[in-house]
file structure_38.txt (compact mmCIF, C-alpha atoms)
# COMPACT_ATOMS: atom_id res chain seq x y z
CA MET A 146 98.68 110.13 162.78
CA ASN A 147 97.37 112.21 165.66
CA LYS A 148 96.20 109.86 168.43
CA HIS A 149 93.50 112.37 169.45
CA LEU A 150 91.90 112.47 165.99
CA PRO A 151 89.24 109.79 166.73
CA ILE A 152 88.19 111.62 169.90
CA ILE A 153 88.00 114.95 168.07
CA PHE A 154 85.93 113.33 165.32
CA LEU A 155 83.45 111.92 167.86
CA ILE A 156 83.11 115.29 169.59
CA VAL A 157 82.41 117.03 166.26
CA LEU A 158 79.96 114.32 165.24
CA PHE A 159 78.18 114.46 168.61
CA SER A 160 77.93 118.26 168.38
CA PHE A 161 76.42 117.95 164.90
CA PHE A 162 73.63 115.67 166.07
CA ILE A 163 72.78 117.39 169.33
CA GLY A 164 72.66 120.71 167.50
CA GLY A 165 69.08 119.88 166.59
CA CYS A 166 68.17 119.55 170.27
CA SER A 167 68.80 123.15 171.22
CA SER A 168 67.53 125.64 168.72
CA LYS A 169 67.18 129.41 168.70
CA ASN A 170 64.48 128.99 166.06
CA PRO A 171 60.77 128.55 166.75
CA LEU A 172 59.21 125.11 166.64
CA LEU A 173 59.33 123.69 163.12
CA GLN A 174 55.90 122.72 161.81
CA THR A 175 55.65 119.39 159.99
CA VAL A 176 52.93 117.89 157.83
CA ASN A 177 49.92 116.49 159.70
CA LYS A 178 50.28 112.84 158.72
CA VAL A 179 52.61 110.63 156.67
CA ASP A 180 51.67 107.19 155.40
CA ILE A 181 55.01 105.43 155.79
CA GLN A 182 54.00 102.74 153.27
CA LYS A 183 53.49 105.44 150.61
CA TYR A 184 56.69 107.21 151.65
CA THR A 185 58.87 104.13 151.14
CA GLY A 186 60.76 103.63 147.91
CA THR A 187 63.35 105.75 146.14
CA TRP A 188 63.54 109.54 146.22
CA TYR A 189 65.81 111.69 144.04
CA GLU A 190 67.50 114.66 145.64
CA ILE A 191 66.63 117.86 143.78
CA ALA A 192 68.43 120.25 146.15
CA ARG A 193 70.18 120.25 149.53
CA PHE A 194 71.99 122.37 152.03
CA GLU A 195 75.63 121.27 151.81
CA HIS A 196 76.91 118.96 154.52
CA PHE A 197 79.92 116.71 154.87
CA PHE A 198 78.24 113.41 154.05
CA GLU A 199 77.09 114.50 150.57
CA LYS A 200 79.83 116.97 149.72
CA GLY A 201 80.77 116.79 146.04
CA CYS A 202 77.99 114.35 145.16
CA LYS A 203 75.68 114.05 142.16
CA ASN A 204 72.94 111.52 141.34
CA VAL A 205 71.91 111.46 145.00
CA THR A 206 69.07 109.15 146.01
CA ALA A 207 67.52 108.02 149.27
CA THR A 208 65.65 104.73 149.48
CA TYR A 209 63.40 103.88 152.41
CA GLU A 210 62.25 100.35 153.27
CA ILE A 211 60.17 99.20 156.24
CA LYS A 212 62.01 96.55 158.23
CA ASP A 213 60.38 93.59 159.96
CA ASP A 214 60.73 95.33 163.34
CA GLY A 215 58.87 98.43 162.07
CA ASP A 216 61.95 100.64 161.80
CA ILE A 217 62.88 102.12 158.44
CA LYS A 218 66.01 101.11 156.56
CA VAL A 219 67.58 104.13 154.86
CA ILE A 220 69.98 103.73 151.94
CA ASN A 221 71.61 106.90 150.63
CA ARG A 222 73.54 106.68 147.38
CA CYS A 223 75.54 109.17 145.36
CA THR A 224 78.27 109.48 142.79
CA LYS A 225 81.28 111.68 143.50
CA ILE A 226 81.41 114.43 140.89
CA ASP A 227 85.21 114.44 140.57
CA THR A 228 85.87 110.69 140.45
CA ASN A 229 82.55 109.06 139.47
CA GLU A 230 83.04 106.82 142.50
CA LYS A 231 79.72 105.46 143.76
CA LYS A 232 79.11 105.78 147.49
CA GLU A 233 76.45 104.22 149.68
CA ALA A 234 75.51 104.66 153.32
CA THR A 235 72.94 102.55 155.15
CA GLY A 236 71.14 103.79 158.22
CA VAL A 237 68.00 103.34 160.25
CA ALA A 238 65.10 105.61 161.10
CA TYR A 239 62.04 105.55 163.30
CA ALA A 240 59.03 107.83 163.76
CA THR A 241 58.91 109.78 167.01
CA ASP A 242 55.12 110.16 167.08
CA GLU A 243 51.92 108.88 165.48
CA THR A 244 52.04 111.46 162.64
CA ASN A 245 55.17 109.80 161.19
CA SER A 246 56.27 113.30 160.12
CA LYS A 247 59.15 113.51 162.59
CA LEU A 248 61.81 110.86 162.29
CA LYS A 249 65.07 110.12 164.03
CA VAL A 250 67.70 108.92 161.56
CA SER A 251 71.10 107.40 162.26
CA PHE A 252 74.00 106.44 160.06
CA PHE A 253 76.39 106.54 163.04
CA ARG A 254 74.72 104.81 165.95
CA PRO A 255 74.15 105.70 168.69
CA PHE A 256 73.85 109.24 167.29
CA TYR A 257 70.51 110.20 165.74
CA GLY A 258 69.53 113.33 163.83
CA ASP A 259 66.12 114.89 163.28
CA TYR A 260 64.39 114.40 159.93
CA TYR A 261 61.21 116.46 159.68
CA ILE A 262 58.82 116.18 156.74
CA LEU A 263 57.84 119.82 156.24
CA ASP A 264 55.87 119.53 153.01
CA LEU A 265 54.63 116.50 151.11
CA ALA A 266 52.64 116.25 147.90
CA SER A 267 49.29 114.53 148.33
CA ASP A 268 50.43 111.92 145.80
CA TYR A 269 53.86 111.59 147.49
CA SER A 270 55.62 112.88 144.36
CA TYR A 271 57.80 115.42 146.20
CA ALA A 272 58.81 116.27 149.75
CA LEU A 273 60.56 119.03 151.66
CA ILE A 274 62.70 117.72 154.52
CA GLY A 275 64.53 119.72 157.19
CA ASN A 276 65.73 119.72 160.75
CA PRO A 277 64.84 121.99 163.70
CA ASN A 278 68.18 123.85 163.79
CA ARG A 279 67.66 124.84 160.12
CA GLU A 280 71.09 123.53 159.07
CA LEU A 281 69.83 120.66 156.90
CA LEU A 282 67.24 120.90 154.15
CA TRP A 283 66.36 118.78 151.14
CA ILE A 284 63.92 118.87 148.27
CA LEU A 285 63.18 115.30 147.19
CA SER A 286 61.21 113.99 144.24
CA ARG A 287 60.13 110.62 142.89
CA THR A 288 61.66 111.68 139.56
CA LYS A 289 65.06 113.14 138.66
CA THR A 290 63.51 116.52 137.89
CA LEU A 291 60.85 118.64 139.51
CA ASP A 292 58.45 121.06 137.85
CA GLU A 293 59.63 124.69 138.15
CA ASN A 294 56.26 125.78 139.60
CA ILE A 295 56.59 123.25 142.41
CA LYS A 296 60.20 124.32 143.08
CA ASN A 297 59.16 127.97 143.24
CA SER A 298 56.25 127.16 145.54
CA LEU A 299 58.59 125.32 147.93
CA LEU A 300 61.17 128.13 147.81
CA LYS A 301 58.50 130.69 148.75
CA LYS A 302 57.70 128.72 151.92
CA LEU A 303 61.28 128.69 153.21
CA PRO A 304 61.51 132.17 154.82
CA ALA A 305 58.44 131.52 156.98
CA LEU A 306 60.02 128.22 158.06
CA GLY A 307 63.30 129.94 158.95
CA PHE A 308 65.42 128.53 156.10
CA ASP A 309 67.64 130.51 153.71
CA ALA A 310 66.93 129.37 150.14
CA ASN A 311 70.27 130.85 149.03
CA LYS A 312 72.04 127.99 150.81
CA PHE A 313 70.61 125.42 148.39
CA ILE A 314 72.88 123.38 146.16
CA TRP A 315 70.94 122.11 143.17
CA THR A 316 71.81 118.46 142.71
CA ILE A 317 73.06 117.15 139.38
CA GLN A 318 70.86 114.22 138.36
CA GLU A 319 71.98 112.36 135.21

call {"tool": "encode", "arguments": {"input": "structure_38.txt", "output": "structure tokens"}}
result
Amino acid sequence: MNKHLPIIFLIVLFSFFIGGCSSKNPLLQTVNKVDIQKYTGTWYEIARFEHFFEKGCKNVTATYEIKDDGDIKVINRCTKIDTNEKKEATGVAYATDETNSKLKVSFFRPFYGDYYILDLASDYSYALIGNPNRELLWILSRTKTLDENIKNSLLKKLPALGFDANKFIWTIQE
């Protein structure tokens, strides 16, 4: 085993998370206000931009719970498509301002990534989540499927936000 592999991994991981700090894109607009109590619970991933921590996954969910200290516990679950192996990652998040629409999320402390709530149904039935460098994007829903009209409406918003809808992977939900 290469003795430099852990150092290389940390450099790559660090670069991934600080990538959101310096962006060639304009400021990413978020929703005006998020009620964290209403946002908690389980969300089903409808679509995502591919990234290493969900590569080859189906049945992807994210569950948010408010902790006693006010931070948010994040539990991401998925099933590997090829092996049916169930995977789970637990992290922590916190809001960066009073709108609760911009979060910092970490699964690998001390490294945090940006989690911006870009669109949110008034009844909290779906959400569009991204990050400022436009490399991560998710469509989430409270159910395993999402109405085609809502999907199309969200897709139409992406160019103005600086995201390429062609990068979406549509998640298998069984």

call {"tool": "residues_around", "arguments": {"input": "structure_38.txt", "residues": "Leu282 of chain A", "least_positions_apart": "5", "cutoff": "9 Å", "atoms": "all atoms listed in the file", "output": "MDAnalysis selection string"}}
result
chainID A and resid 192:195 273:276 308 313

call {"tool": "closest_residue", "arguments": {"input": "structure_38.txt", "among": "A:Leu299, A:Cys202, A:Ala266, A:Ala272", "to": "Ser286 of chain A", "atoms": "all atoms listed in the file"}}
result
A:Ala272

call {"tool": "residues_around", "arguments": {"input": "structure_38.txt", "residues": "Ser246 of chain A", "least_positions_apart": "4", "cutoff": "10 Å", "atoms": "all atoms listed in the file", "output": "number ranges by chain"}}
result
A: 174-181, 240-242, 260-265, 274

call {"tool": "atom_distance", "arguments": {"input": "structure_38.txt", "atom1": "atom CA of Thr235 of chain A", "atom2": "atom CA of Asn221 of chain A"}}
result
6.4 Å

call {"tool": "closest_residue", "arguments": {"input": "structure_38.txt", "among": "A:Lys289, A:Asp216, A:Glu280, A:Gly236", "to": "His196 of chain A", "atoms": "all atoms listed in the file"}}
result
A:Glu280

call {"tool": "residues_near_point", "arguments": {"input": "structure_38.txt", "point": "(64.2, 111.5, 160.0)", "cutoff": "7 Å", "atoms": "all atoms listed in the file", "output": "list in words"}}
result
Ala238, Lys247, Leu248, Lys249, Val250, Gly258, Asp259, Tyr260 and Tyr261 of chain A

call {"tool": "closest_residue", "arguments": {"input": "structure_38.txt", "among": "A:Pro171, A:Gly186, A:Pro255, A:Pro277", "to": "Ile211 of chain A", "atoms": "all atoms listed in the file"}}
result
A:Gly186

call {"tool": "atom_distance", "arguments": {"input": "structure_38.txt", "atom1": "atom CA of Leu291 of chain A", "atom2": "atom CA of Ser270 of chain A"}}
result
9.2 Å

call {"tool": "axis_aligned_box", "arguments": {"input": "structure_38.txt", "around": "segment 195-214 of chain A", "padding_each_side": "5 Å", "output": "AutoDock Vina command-line options"}}
result
--center_x 70.5 --center_y 107.4 --center_z 152.3 --size_x 30.6 --size_y 37.7 --size_z 32.0

call {"tool": "closest_residue", "arguments": {"input": "structure_38.txt", "among": "A:Lys312, A:Thr228, A:Ile191, A:Phe256", "to": "Glu293 of chain A", "atoms": "all atoms listed in the file"}}
result
A:Ile191

call {"tool": "closest_residue", "arguments": {"input": "structure_38.txt", "among": "A:Phe198, A:Tyr184, A:Phe252, A:Tyr189", "to": "Ile284 of chain A", "atoms": "all atoms listed in the file"}}
result
A:Tyr189

call {"tool": "closest_residue", "arguments": {"input": "structure_38.txt", "among": "A:Ile295, A:Trp283, A:Val237, A:Gln318", "to": "Gly215 of chain A", "atoms": "only C-alpha atoms"}}
result
A:Val237

call {"tool": "atom_distance", "arguments": {"input": "structure_38.txt", "atom1": "atom CA of Ser298 of chain A", "atom2": "atom CA of Tyr209 of chain A"}}
result
25.3 Å
